Structure formats: C-alpha cells, structure tokens
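Structure data (compact mmCIF, C-alpha atoms and all ligand atoms) from query.txt:
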```
# COMPACT_ATOMS: atom_id res chain seq x y z
CA MET Q 709 5.29 14.18 17.67
CA GLY Q 710 2.57 12.38 15.84
CA GLU Q 711 0.09 13.34 13.18
CA ALA Q 712 -2.21 16.24 14.01
CA LYS Q 713 -4.57 17.52 11.38
CA ARG Q 714 -7.47 19.64 12.46
CA GLY Q 715 -9.67 21.29 9.89
CA GLY Q 716 -12.84 23.04 11.06
CA ARG Q 717 -14.58 20.68 13.40
CA THR Q 718 -13.28 17.57 11.66
CA VAL Q 719 -10.51 15.88 13.62
CA ILE Q 720 -8.26 13.32 12.00
CA LEU Q 721 -5.94 11.97 14.64
CA TYR Q 722 -3.09 12.78 16.94
CA VAL Q 723 -0.45 10.64 18.62
CA ARG Q 724 2.36 11.80 20.88
CA LEU Q 725 4.74 9.87 23.10
CA LEU Q 726 4.38 11.76 26.37
CA ASN Q 727 6.74 9.81 28.56
CA HIS Q 728 8.62 6.54 28.95
CA THR Q 729 10.78 4.59 31.38
CA PRO Q 730 14.20 6.30 31.53
CA ASN Q 731 16.81 4.26 29.62
CA PRO Q 732 14.17 1.77 28.47
CA GLU Q 733 16.62 -0.50 26.64
CA LYS Q 734 19.11 -0.64 29.50
CA THR Q 735 16.27 -1.35 31.94
CA VAL Q 736 15.13 -4.33 29.85
CA ALA Q 737 18.69 -5.60 29.48
CA MET Q 738 19.25 -5.26 33.24
CA ALA Q 739 16.09 -7.26 33.91
CA ALA Q 740 17.37 -9.99 31.58
CA ARG Q 741 20.84 -10.04 33.15
CA MET Q 742 19.32 -10.20 36.63
CA CYS Q 743 17.93 -13.65 35.80
CA TYR Q 744 21.32 -15.18 35.06
CA SER Q 745 23.92 -13.12 36.89
CA ALA Q 746 25.64 -13.98 40.17
CA VAL Q 747 26.59 -10.34 40.78
CA GLY Q 748 24.33 -7.57 42.16
CA PRO Q 749 22.42 -4.85 40.27
CA ASP Q 750 25.15 -2.18 40.58
CA LEU Q 751 27.77 -4.33 38.88
CA ILE Q 752 25.28 -5.53 36.25
CA GLU Q 753 24.48 -1.92 35.39
CA GLU Q 754 28.16 -0.97 35.19
CA GLU Q 755 28.93 -3.86 32.84
CA LEU Q 756 26.06 -3.10 30.49
CA LEU Q 757 27.62 -1.11 27.67
CA PRO Q 758 25.37 -0.15 24.68
CA ASP Q 759 26.59 -3.01 22.45
CA ARG Q 760 25.86 -5.53 25.17
CA VAL Q 761 22.40 -4.01 25.75
CA ALA Q 762 21.52 -4.33 22.06
CA ALA Q 763 22.86 -7.90 21.84
CA LEU Q 764 20.89 -8.94 24.93
CA ILE Q 765 17.64 -7.45 23.66
CA ARG Q 766 18.04 -9.15 20.28
CA ARG Q 767 18.68 -12.47 22.01
CA LEU Q 768 15.57 -12.08 24.20
CA ARG Q 769 13.43 -11.48 21.10
CA LYS Q 770 14.97 -14.42 19.25
CA ASN Q 771 14.41 -16.78 22.20
CA GLY Q 772 10.92 -15.48 22.97
CA HIS Q 773 12.03 -14.57 26.49
CA LEU Q 774 9.85 -11.47 26.61
CA SER Q 775 9.06 -10.88 30.28
CA PRO Q 776 12.05 -8.46 30.67
CA PHE Q 777 10.31 -6.27 28.04
CA GLU Q 778 7.60 -5.62 30.63
CA HIS Q 779 9.95 -3.37 32.64
CA ALA Q 780 9.87 -0.56 30.04
CA SER Q 781 6.67 1.48 29.78
CA PHE Q 782 5.55 4.06 27.23
CA THR Q 783 2.78 6.63 27.72
CA PHE Q 784 1.03 8.06 24.65
CA ALA Q 785 -1.48 10.88 24.24
CA VAL Q 786 -3.95 10.04 21.49
CA SER Q 787 -6.90 11.82 19.90
CA GLY Q 788 -9.23 10.16 17.45
CA SER Q 789 -12.74 8.80 17.28
CA ARG Q 790 -14.70 6.81 19.84
CA ALA Q 791 -14.58 3.95 17.30
CA LEU Q 792 -10.80 4.08 17.76
CA SER Q 793 -10.85 4.26 21.56
CA HIS Q 794 -13.29 1.36 21.78
CA GLN Q 795 -10.84 -0.84 19.88
CA MET Q 796 -7.86 0.45 21.88
CA VAL Q 797 -9.31 -0.48 25.27
CA ARG Q 798 -9.70 -4.10 24.14
CA HIS Q 799 -5.94 -4.25 24.72
CA ARG Q 800 -6.16 -5.12 28.41
CA ILE Q 801 -2.44 -5.14 29.14
CA ALA Q 802 -2.34 -1.35 29.19
CA SER Q 803 -3.72 1.54 31.30
CA TYR Q 804 -6.08 4.22 30.01
CA SER Q 805 -7.47 7.60 31.06
CA GLN Q 806 -10.09 8.98 28.69
CA LYS Q 807 -11.94 12.25 28.32
CA SER Q 808 -15.31 11.82 30.01
CA GLN Q 809 -18.58 12.45 28.20
CA ARG Q 810 -20.22 12.78 31.66
CA TYR Q 811 -18.07 15.66 32.87
CA ILE Q 812 -17.29 17.35 29.56
CA GLN Q 813 -20.07 18.85 27.47
CA GLU Q 814 -19.69 18.18 23.75
CA THR Q 815 -19.82 21.85 22.78
CA GLY Q 816 -18.85 22.62 19.18
CA PHE Q 817 -19.12 18.88 18.67
CA ARG Q 818 -15.98 17.50 16.94
CA PHE Q 819 -15.88 14.29 14.97
CA VAL Q 820 -13.68 12.12 12.77
CA THR Q 821 -14.70 11.73 9.13
CA PRO Q 822 -13.29 8.62 7.43
CA GLU Q 823 -11.32 9.42 4.28
CA LEU Q 824 -13.52 7.18 2.16
CA VAL Q 825 -16.52 9.26 3.20
CA GLN Q 826 -14.63 12.51 2.57
CA ARG Q 827 -13.75 11.41 -0.95
CA ASN Q 828 -17.36 10.62 -1.84
CA PRO Q 829 -19.25 13.95 -2.11
CA ALA Q 830 -22.73 12.43 -1.68
CA ALA Q 831 -21.68 10.32 1.30
CA HIS Q 832 -19.81 13.27 2.79
CA GLU Q 833 -22.87 15.47 2.56
CA LEU Q 834 -25.02 12.80 4.18
CA PHE Q 835 -22.44 12.31 6.93
CA GLN Q 836 -22.20 16.05 7.69
CA ARG Q 837 -25.97 16.36 7.76
CA CYS Q 838 -26.21 13.47 10.20
CA MET Q 839 -23.53 14.98 12.50
CA LYS Q 840 -25.37 18.28 12.51
CA GLN Q 841 -28.64 16.56 13.38
CA ILE Q 842 -26.95 14.64 16.21
CA GLU Q 843 -25.40 17.80 17.60
CA GLN Q 844 -28.74 19.55 17.49
CA THR Q 845 -30.51 16.65 19.24
CA TYR Q 846 -27.76 16.49 21.90
CA ASN Q 847 -28.09 20.22 22.60
CA GLU Q 848 -31.87 20.01 22.72
CA MET Q 849 -31.65 17.14 25.21
CA LEU Q 850 -29.41 19.24 27.45
CA ALA Q 851 -31.78 22.21 27.11
CA LEU Q 852 -34.61 19.92 28.27
CA GLY Q 853 -32.65 19.22 31.46
CA ILE Q 854 -31.34 15.78 30.43
CA HIS Q 855 -27.98 15.16 32.12
CA ARG Q 856 -24.83 14.90 29.99
CA GLU Q 857 -24.46 11.25 31.00
CA ASP Q 858 -27.81 10.51 29.34
CA ALA Q 859 -27.75 13.04 26.49
CA ARG Q 860 -24.50 11.41 25.27
CA TYR Q 861 -26.42 8.28 24.29
CA VAL Q 862 -27.20 9.98 20.97
CA LEU Q 863 -23.51 10.67 20.22
CA PRO Q 864 -21.89 8.62 17.41
CA ASN Q 865 -18.76 6.48 17.09
CA ALA Q 866 -17.33 9.37 15.03
CA CYS Q 867 -17.25 11.62 18.11
CA GLU Q 868 -13.77 12.92 18.93
CA THR Q 869 -12.10 11.67 22.08
CA SER Q 870 -8.70 12.00 23.74
CA PHE Q 871 -6.98 9.57 26.04
CA LEU Q 872 -3.65 8.63 27.57
CA CYS Q 873 -2.53 5.04 27.34
CA THR Q 874 0.45 3.36 28.94
CA PHE Q 875 1.76 0.10 27.52
CA ASN Q 876 4.82 -1.91 28.44
CA ALA Q 877 7.08 -2.91 25.55
CA ARG Q 878 5.86 -6.52 25.48
CA SER Q 879 2.24 -5.45 25.21
CA LEU Q 880 3.19 -2.88 22.57
CA HIS Q 881 4.74 -5.64 20.44
CA ASN Q 882 1.45 -7.54 20.66
CA PHE Q 883 -0.48 -4.37 19.83
CA PHE Q 884 1.67 -3.66 16.75
CA ARG Q 885 1.41 -7.31 15.66
CA LEU Q 886 -2.39 -7.13 15.66
CA ARG Q 887 -3.09 -3.55 14.71
CA GLN Q 888 -0.49 -2.85 12.04
CA CYS Q 889 -1.89 -5.72 10.04
CA ARG Q 890 -3.46 -4.50 6.80
CA ARG Q 891 -6.64 -6.33 7.84
CA ALA Q 892 -6.97 -4.07 10.93
CA GLN Q 893 -9.32 -1.07 10.76
CA TRP Q 894 -7.70 2.02 9.19
CA GLU Q 895 -7.84 4.38 12.19
CA ILE Q 896 -6.30 2.07 14.77
CA ARG Q 897 -3.77 0.91 12.16
CA ARG Q 898 -2.73 4.49 11.58
CA VAL Q 899 -2.45 5.10 15.34
CA ALA Q 900 -0.38 1.92 15.71
CA ASN Q 901 1.93 3.10 12.90
CA LEU Q 902 2.42 6.46 14.61
CA MET Q 903 2.93 4.87 18.03
CA LEU Q 904 5.64 2.61 16.65
CA ARG Q 905 7.32 5.54 14.94
CA GLU Q 906 7.39 7.43 18.26
CA ALA Q 907 8.55 4.42 20.28
CA LYS Q 908 11.38 3.69 17.83
CA LYS Q 909 12.79 7.18 18.33
CA VAL Q 910 13.55 6.44 21.98
CA ALA Q 911 14.05 2.66 21.89
CA PRO Q 912 15.06 1.57 18.37
CA VAL Q 913 16.48 -1.79 19.37
CA LEU Q 914 13.55 -2.67 21.64
CA PHE Q 915 11.18 -2.19 18.70
CA GLU Q 916 13.41 -3.57 15.97
CA GLY Q 917 11.32 -5.91 13.84
CA ALA Q 918 8.06 -4.83 15.50
CA GLY Q 919 5.06 -4.78 13.21
CA PRO Q 920 2.31 -7.02 11.86
CA SER Q 921 2.85 -10.74 12.31
CA CYS Q 922 3.94 -11.12 8.66
CA ILE Q 923 6.86 -8.74 9.35
CA ALA Q 924 7.54 -9.64 12.98
CA GLU Q 925 7.18 -13.42 12.70
CA GLY Q 926 6.96 -14.20 8.98
CA VAL Q 927 3.49 -15.65 9.62
CA CYS Q 928 -0.04 -14.56 8.66
CA TYR Q 929 -2.94 -15.69 10.85
CA GLU Q 930 -5.65 -14.32 8.56
CA GLY Q 931 -6.12 -17.54 6.58
CA GLU Q 932 -8.32 -16.97 3.53
CA MET Q 933 -8.66 -13.31 4.48
CA SER Q 934 -4.89 -12.79 4.16
CA CYS Q 935 -3.82 -9.80 2.06
CA GLY Q 936 -1.11 -12.02 0.57
CA LEU Q 937 1.77 -9.88 1.79
CA VAL Q 938 3.38 -12.70 3.75
CA LYS Q 939 3.86 -14.71 0.53
CA ARG Q 940 5.44 -11.75 -1.23
CA LEU Q 941 7.70 -11.07 1.76
CA LYS Q 942 8.84 -14.68 1.68
CA LYS Q 943 9.84 -14.18 -1.93
CA GLY Q 944 11.94 -11.22 -0.78
CA GLN Q 945 9.63 -8.59 -2.30
CA THR Q 946 9.80 -5.89 0.36
CA GLY Q 947 10.50 -2.23 -0.43
CA LYS Q 948 7.35 -0.50 -1.65
CA ILE Q 949 4.95 -3.26 -0.60
CA TYR Q 950 4.76 -2.35 3.06
CA ARG Q 951 5.97 0.63 5.01
CA PRO Q 952 5.32 -0.34 8.62
CA VAL Q 953 5.88 3.10 10.15
CA ALA Q 954 4.15 5.21 7.51
CA SER Q 955 1.32 7.42 8.75
CA GLY Q 956 -0.98 6.48 5.87
CA GLY Q 957 -3.75 3.97 6.47
C1 LIG Z 1001 -8.28 -7.34 12.84
C2 LIG Z 1001 -8.97 -7.46 14.17
C3 LIG Z 1001 -10.34 -7.72 14.20
C4 LIG Z 1001 -11.00 -7.84 15.42
N1 LIG Z 1001 -12.35 -8.09 15.43
C5 LIG Z 1001 -13.00 -8.26 16.59
C6 LIG Z 1001 -14.41 -8.56 16.63
O1 LIG Z 1001 -15.05 -8.69 15.60
N2 LIG Z 1001 -15.01 -8.69 17.84
C7 LIG Z 1001 -14.32 -8.57 19.01
O2 LIG Z 1001 -14.92 -8.71 20.09
N3 LIG Z 1001 -13.00 -8.29 19.02
C8 LIG Z 1001 -12.32 -8.13 17.85
N4 LIG Z 1001 -10.98 -7.82 17.86
C9 LIG Z 1001 -10.30 -7.61 19.14
C10 LIG Z 1001 -9.47 -8.83 19.57
O3 LIG Z 1001 -10.29 -9.97 19.75
C11 LIG Z 1001 -8.70 -8.54 20.89
O4 LIG Z 1001 -9.64 -8.31 21.93
C12 LIG Z 1001 -7.80 -7.34 20.79
O5 LIG Z 1001 -7.07 -7.38 19.59
C13 LIG Z 1001 -6.84 -7.32 21.99
O6 LIG Z 1001 -5.87 -8.33 21.80
P1 LIG Z 1001 -5.22 -9.13 23.01
O7 LIG Z 1001 -6.27 -9.86 23.79
O8 LIG Z 1001 -4.10 -9.97 22.45
O9 LIG Z 1001 -4.58 -7.92 23.86
P2 LIG Z 1001 -4.49 -7.77 25.45
O10 LIG Z 1001 -5.84 -7.70 26.06
O11 LIG Z 1001 -3.57 -6.63 25.69
O12 LIG Z 1001 -3.86 -9.13 25.94
C14 LIG Z 1001 -2.50 -9.43 25.61
C15 LIG Z 1001 -2.29 -10.92 25.78
O13 LIG Z 1001 -2.43 -11.23 27.16
C16 LIG Z 1001 -3.09 -12.49 27.29
N5 LIG Z 1001 -4.36 -12.28 28.01
C17 LIG Z 1001 -4.93 -11.09 28.32
N6 LIG Z 1001 -6.06 -11.27 29.02
C18 LIG Z 1001 -6.23 -12.60 29.12
C19 LIG Z 1001 -7.21 -13.42 29.71
N7 LIG Z 1001 -8.30 -12.93 30.30
N8 LIG Z 1001 -7.07 -14.76 29.65
C20 LIG Z 1001 -5.99 -15.31 29.02
N9 LIG Z 1001 -5.01 -14.59 28.42
C21 LIG Z 1001 -5.13 -13.26 28.49
C22 LIG Z 1001 -3.30 -13.03 25.87
O14 LIG Z 1001 -2.20 -13.83 25.52
C23 LIG Z 1001 -3.31 -11.77 25.04
O15 LIG Z 1001 -2.94 -11.98 23.68
C24 LIG Z 1001 -10.30 -7.69 16.65
C25 LIG Z 1001 -8.92 -7.44 16.60
C26 LIG Z 1001 -8.26 -7.33 15.38
C27 LIG Z 1001 -6.77 -7.04 15.38
```
Could the structure of this file be written out as structure tokens, please?
Ligand SMILES: Cc1cc2nc3c(=O)[nH]c(=O)nc-3n(C[C@H](O)[C@H](O)[C@H](O)COP(=O)(O)OP(=O)(O)OC[C@H]3O[C@@H](n4cnc5c(N)ncnc54)[C@H](O)[C@@H]3O)c2cc1C
Amino acid sequence: MGEAKRGGRTVILYVRLLNHTPNPEKTVAMAARMCYSAVGPDLIEEELLPDRVAALIRRLRKNGHLSPFEHASFTFAVSGSRALSHQMVRHRIASYSQKSQRYIQETGFRFVTPELVQRNPAAHELFQRCMKQIEQTYNEMLALGIHREDARYVLPNACETSFLCTFNARSLHNFFRLRQCRRAQWEIRRVANLMLREAKKVAPVLFEGAGPSCIAEGVCYEGEMSCGLVKRLKKGQTGKIYRPVASGG
C-alpha cells in the first residue's frame, strides 16, 4: 500500500502495487538460464532453488545483461496531479490507462497543492482562489453547452488524475535511476520512492541496488547541477544523507 492522504478536496498522492508477474524473480532467473542451458524449461525450473535465483539475478545486474529483467512486469495504481502524469508518460517503455477528462466530469474538482505552496499562507490563499476560479469557469463552460473535451482546456496541471501503469523490471530500474534523483521534480520523485518500496516487497533481489544513478551506478550525470551526493557517497557517507525508499520528497 502506498501513501494516501486526502484532506478536503486537496489530494496528495497514492501509489499501490496492484499486480505483478507471479514469481517475478524466478521468472527472470529462468529467462537468464534459458540462454545458456542445454536442458529444457521444466528441468531449469526444477533446478532453480532460491539461492541460485538470487545469485543469477545479481550476476545479471553486475554484467549488465538486463534483457531477462523484461520478463517480470509490475502494475501500479497511482493518483496525483496531471503534472505528475505528464512526466510519467514520457517513460515510453511502459503501458498506461488514465482517467479521461472527456468522459468524466470534474465535479467537486480535486487538485494537488505542492507543499511549498501549502507552507506559504499568501501563496496558498492565491492558489486556492485560482482553483476556485478555474472550477467556476469550467462549470460555467459546461452550463453554456461546451463539451467536457473542450471545457477541460481551462483545467490546470494541479488537477487530480488516476492511472494504471505497467512497467517491466528493466524499465523500472531506468525509471528509478532518473526519477529518484534529487534533481527530479518532487511529486514524481515521491511516486518513484513509493513504487520502489512496493516493488521491493515482492521482488527484493530484483530491485536490490535500484535507485538514482549515484546509488545504482556510483555516477552522477547532472554535471554542475549535481546535488553533490555522489561525492559524499564515494567517501562512504551514507546513512542519513539519502533514504531511497522514503516517502518524503
Ligand atoms: C530530472 C529530469 C528532467 C527532465 N526534463 C525534461 C525537459 O525539460 N524536457 C523534456 O522534454 N523532457 C524532460 N525530461 C524527460 C526525459 O527527457 C525522458 O523523456 C524521460 O525521463 C523518460 O526517460 P527514458 O527515455 O529513458 O524512458 P523510456 O521512454 O521508458 O525509454 C527507456 C529507454 O529506452 C530507450 N528508448 C526508448 N525510446 C527510444 C527511441 N525512440 N529511440 C532510441 N532509444 C529509445 C532509451 O535507451 C531509453 O533510455 C526530464 C527527465 C528528468 C529525469
């Protein structure tokens, strides 16, 4: 179960692992063994005891032989803002089904308020006023006979949305590498943190070492924009510096 905080009409975010490939780690290990084994799938499966599965997966990661990871899929239910979903769908190696603003009327309009805005009373007031105005305009458009598919043009990035997404384990590793980075935007970073936490519950070895590139690969690609964590990690300063599966942004 992920994070679900709903207060009034403000939605924060929600992530839940709905489903996954049965025995995801054994499936990946079987795919790897299939490449190099003279025997058939039944015998491969019989021989694959848990220790062997874990050792094989670790070797695949170490050698960068990641195509077997594509045989294990994970389906998540996510709620958050449209700003979030827009960033999510840039990850093309995944499948999505999203709540439609054409078929669903935005009644009792729900939206995500960034924490920074919430903590600033003047900005919060401005934000709330703007959301109210948008809701009113949207409803007036509908009352004037404008179709939902056109009235929605006034809706903001803050608008709540829900979607299912299915990633294979290889694509998830890429997603975590990019979106758990402290340079990534807070909402998608938080979703990535929650997704990894969920995935680790059912496939801990498959997602061992998953995280931003500084954690996963010991490399930072941010250049001058780097947060500097990679240097501190290299000096062995871990602990409190970074908690990759924390729900905080
Ligand atoms: C911090 C951050 C800031 C960003 N800022 C911006 C921004 O300002 N503007 C913007 O437009 N985007 C931005 N993005 C989005 C980014 O450019 C990617 O679109 C997004 O992160 C998806 O990554 P991906 O292509 O690796 O994932 P996927 O689409 O899931 O692809 C996975 C991998 O498959 C391969 N692949 C997929 N499709 C192709 C293809 N057509 N050709 C060749 N190889 C392919 C690549 O190796 C790719 O890494 C940002 C992302 C991050 C993390």
Output as a tab-separated table one row per residue of chain Q within 7 Å of ligand LIG 1001 (chain Z): the closest atom pair and its distance in Å to one decimal place, counting all atoms listed in the file, sorted by chain and residue number ascending.
```
residue	atom	partner	partner_atom	distance
Q:Gln795	CA	Z:LIG1001	C9	6.8
Q:Arg798	CA	Z:LIG1001	O4	4.8
Q:His799	CA	Z:LIG1001	O11	3.5
Q:Arg800	CA	Z:LIG1001	O10	3.5
Q:Ile801	CA	Z:LIG1001	O11	3.9
Q:Ala802	CA	Z:LIG1001	O11	6.5
Q:Ser879	CA	Z:LIG1001	O11	5.9
Q:Asn882	CA	Z:LIG1001	O8	6.3
Q:Phe883	CA	Z:LIG1001	O9	6.8
Q:Leu886	CA	Z:LIG1001	C27	4.4
Q:Arg887	CA	Z:LIG1001	C27	5.1
Q:Arg891	CA	Z:LIG1001	C1	5.4
Q:Ala892	CA	Z:LIG1001	C1	4.0
Q:Gln893	CA	Z:LIG1001	C1	6.7
```
TODO: Can you pull out every residue within 7 Å of Val899 of chain Q, counting all atoms listed in the file, but drop anything in the same chain fewer than 4 positions away, and send it as a list in words?
DONE: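 Near Val899 of chain Q, the qualifying residues are Val723, Glu895 and Met903 of chain Q.
Across the model, the gap from atom CA of Ile765 of chain Q to atom CA of Ala746 of chain Q is 19.5 Å.
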Task: Distance criterion (all atoms listed in the file): nearest to Leu725 of chain Q out of Q:Ala866, Q:Met738, Q:Leu904, Q:Thr783 - done: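 Smallest separation from Leu725 of chain Q among the options: Q:Thr783.
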Task: Computed interatomic separation between atom CA of Thr729 of chain Q and atom CA of Arg769 of chain Q (Å) - done: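 One can read the atom CA of Thr729 of chain Q to atom CA of Arg769 of chain Q distance as 19.3 Å.
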Open item on the list: Rounded to one decimal, what separation in Å do you get between atom CA of Lys942 of chain Q and atom CA of His881 of chain Q?
Closed with: 21.2 Å
Task: Nearest candidate to Arg818 of chain Q (options Q:Ser921, Q:Ser787, Q:Pro730, Q:Glu755; using all atoms listed in the file) - done: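 Closest to Arg818 of chain Q, using all atoms listed in the file: Q:Ser787.
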Task: Within 10 Å of Gln836 of chain Q using only C-alpha atoms, minus same-chain residues under 2 positions, as a list in words - done: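 Contacts, in chain order: Thr718, Phe819, Thr821, Val825, Gln826, Ala831, His832, Glu833, Leu834, Cys838, Met839, Lys840, Gln841 and Ile842 of chain Q.
Comparing Q:Pro749, Q:Gly919, Q:Pro912, Q:Gly926 by their smallest distance to Lys943 of chain Q, the closest is Q:Gly926 (using all atoms listed in the file).
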N, CA and C atoms are what I want for segment 831-848 of chain Q; can you complete it accordingly and write them as a short mmCIF file (atom, residue, chain, number, x, y, z; two decimals), in the coordinates of the input?
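Dumped everything to out_24.cif:
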```
data_model
loop_
_atom_site.label_atom_id
_atom_site.label_comp_id
_atom_site.auth_asym_id
_atom_site.auth_seq_id
_atom_site.Cartn_x
_atom_site.Cartn_y
_atom_site.Cartn_z
N ALA Q 831 -21.78 10.93 -0.03
CA ALA Q 831 -21.68 10.32 1.30
C ALA Q 831 -21.22 11.37 2.32
N HIS Q 832 -20.32 12.24 1.89
CA HIS Q 832 -19.81 13.27 2.79
C HIS Q 832 -20.93 14.21 3.22
N GLU Q 833 -21.75 14.57 2.26
CA GLU Q 833 -22.87 15.47 2.56
C GLU Q 833 -23.84 14.82 3.55
N LEU Q 834 -24.12 13.56 3.30
CA LEU Q 834 -25.02 12.80 4.18
C LEU Q 834 -24.44 12.73 5.60
N PHE Q 835 -23.15 12.45 5.65
CA PHE Q 835 -22.44 12.31 6.93
C PHE Q 835 -22.50 13.63 7.72
N GLN Q 836 -22.20 14.73 7.03
CA GLN Q 836 -22.20 16.05 7.69
C GLN Q 836 -23.60 16.39 8.21
N ARG Q 837 -24.60 16.07 7.38
CA ARG Q 837 -25.97 16.36 7.76
C ARG Q 837 -26.34 15.57 9.02
N CYS Q 838 -25.92 14.33 9.05
CA CYS Q 838 -26.21 13.47 10.20
C CYS Q 838 -25.53 14.01 11.46
N MET Q 839 -24.26 14.44 11.33
CA MET Q 839 -23.53 14.98 12.50
C MET Q 839 -24.23 16.23 13.03
N LYS Q 840 -24.68 17.06 12.11
CA LYS Q 840 -25.37 18.28 12.51
C LYS Q 840 -26.65 17.96 13.27
N GLN Q 841 -27.37 16.98 12.74
CA GLN Q 841 -28.64 16.56 13.38
C GLN Q 841 -28.37 16.01 14.79
N ILE Q 842 -27.30 15.22 14.90
CA ILE Q 842 -26.95 14.64 16.21
C ILE Q 842 -26.60 15.75 17.20
N GLU Q 843 -25.81 16.69 16.72
CA GLU Q 843 -25.40 17.80 17.60
C GLU Q 843 -26.63 18.58 18.09
N GLN Q 844 -27.53 18.80 17.14
CA GLN Q 844 -28.74 19.55 17.49
C GLN Q 844 -29.57 18.77 18.53
N THR Q 845 -29.73 17.49 18.30
CA THR Q 845 -30.51 16.65 19.24
C THR Q 845 -29.85 16.65 20.62
N TYR Q 846 -28.52 16.51 20.63
CA TYR Q 846 -27.76 16.49 21.90
C TYR Q 846 -28.01 17.80 22.67
N ASN Q 847 -27.89 18.92 21.95
CA ASN Q 847 -28.09 20.22 22.60
C ASN Q 847 -29.52 20.40 23.08
N GLU Q 848 -30.46 19.90 22.29
CA GLU Q 848 -31.87 20.01 22.72
C GLU Q 848 -32.13 19.17 23.96
#
```
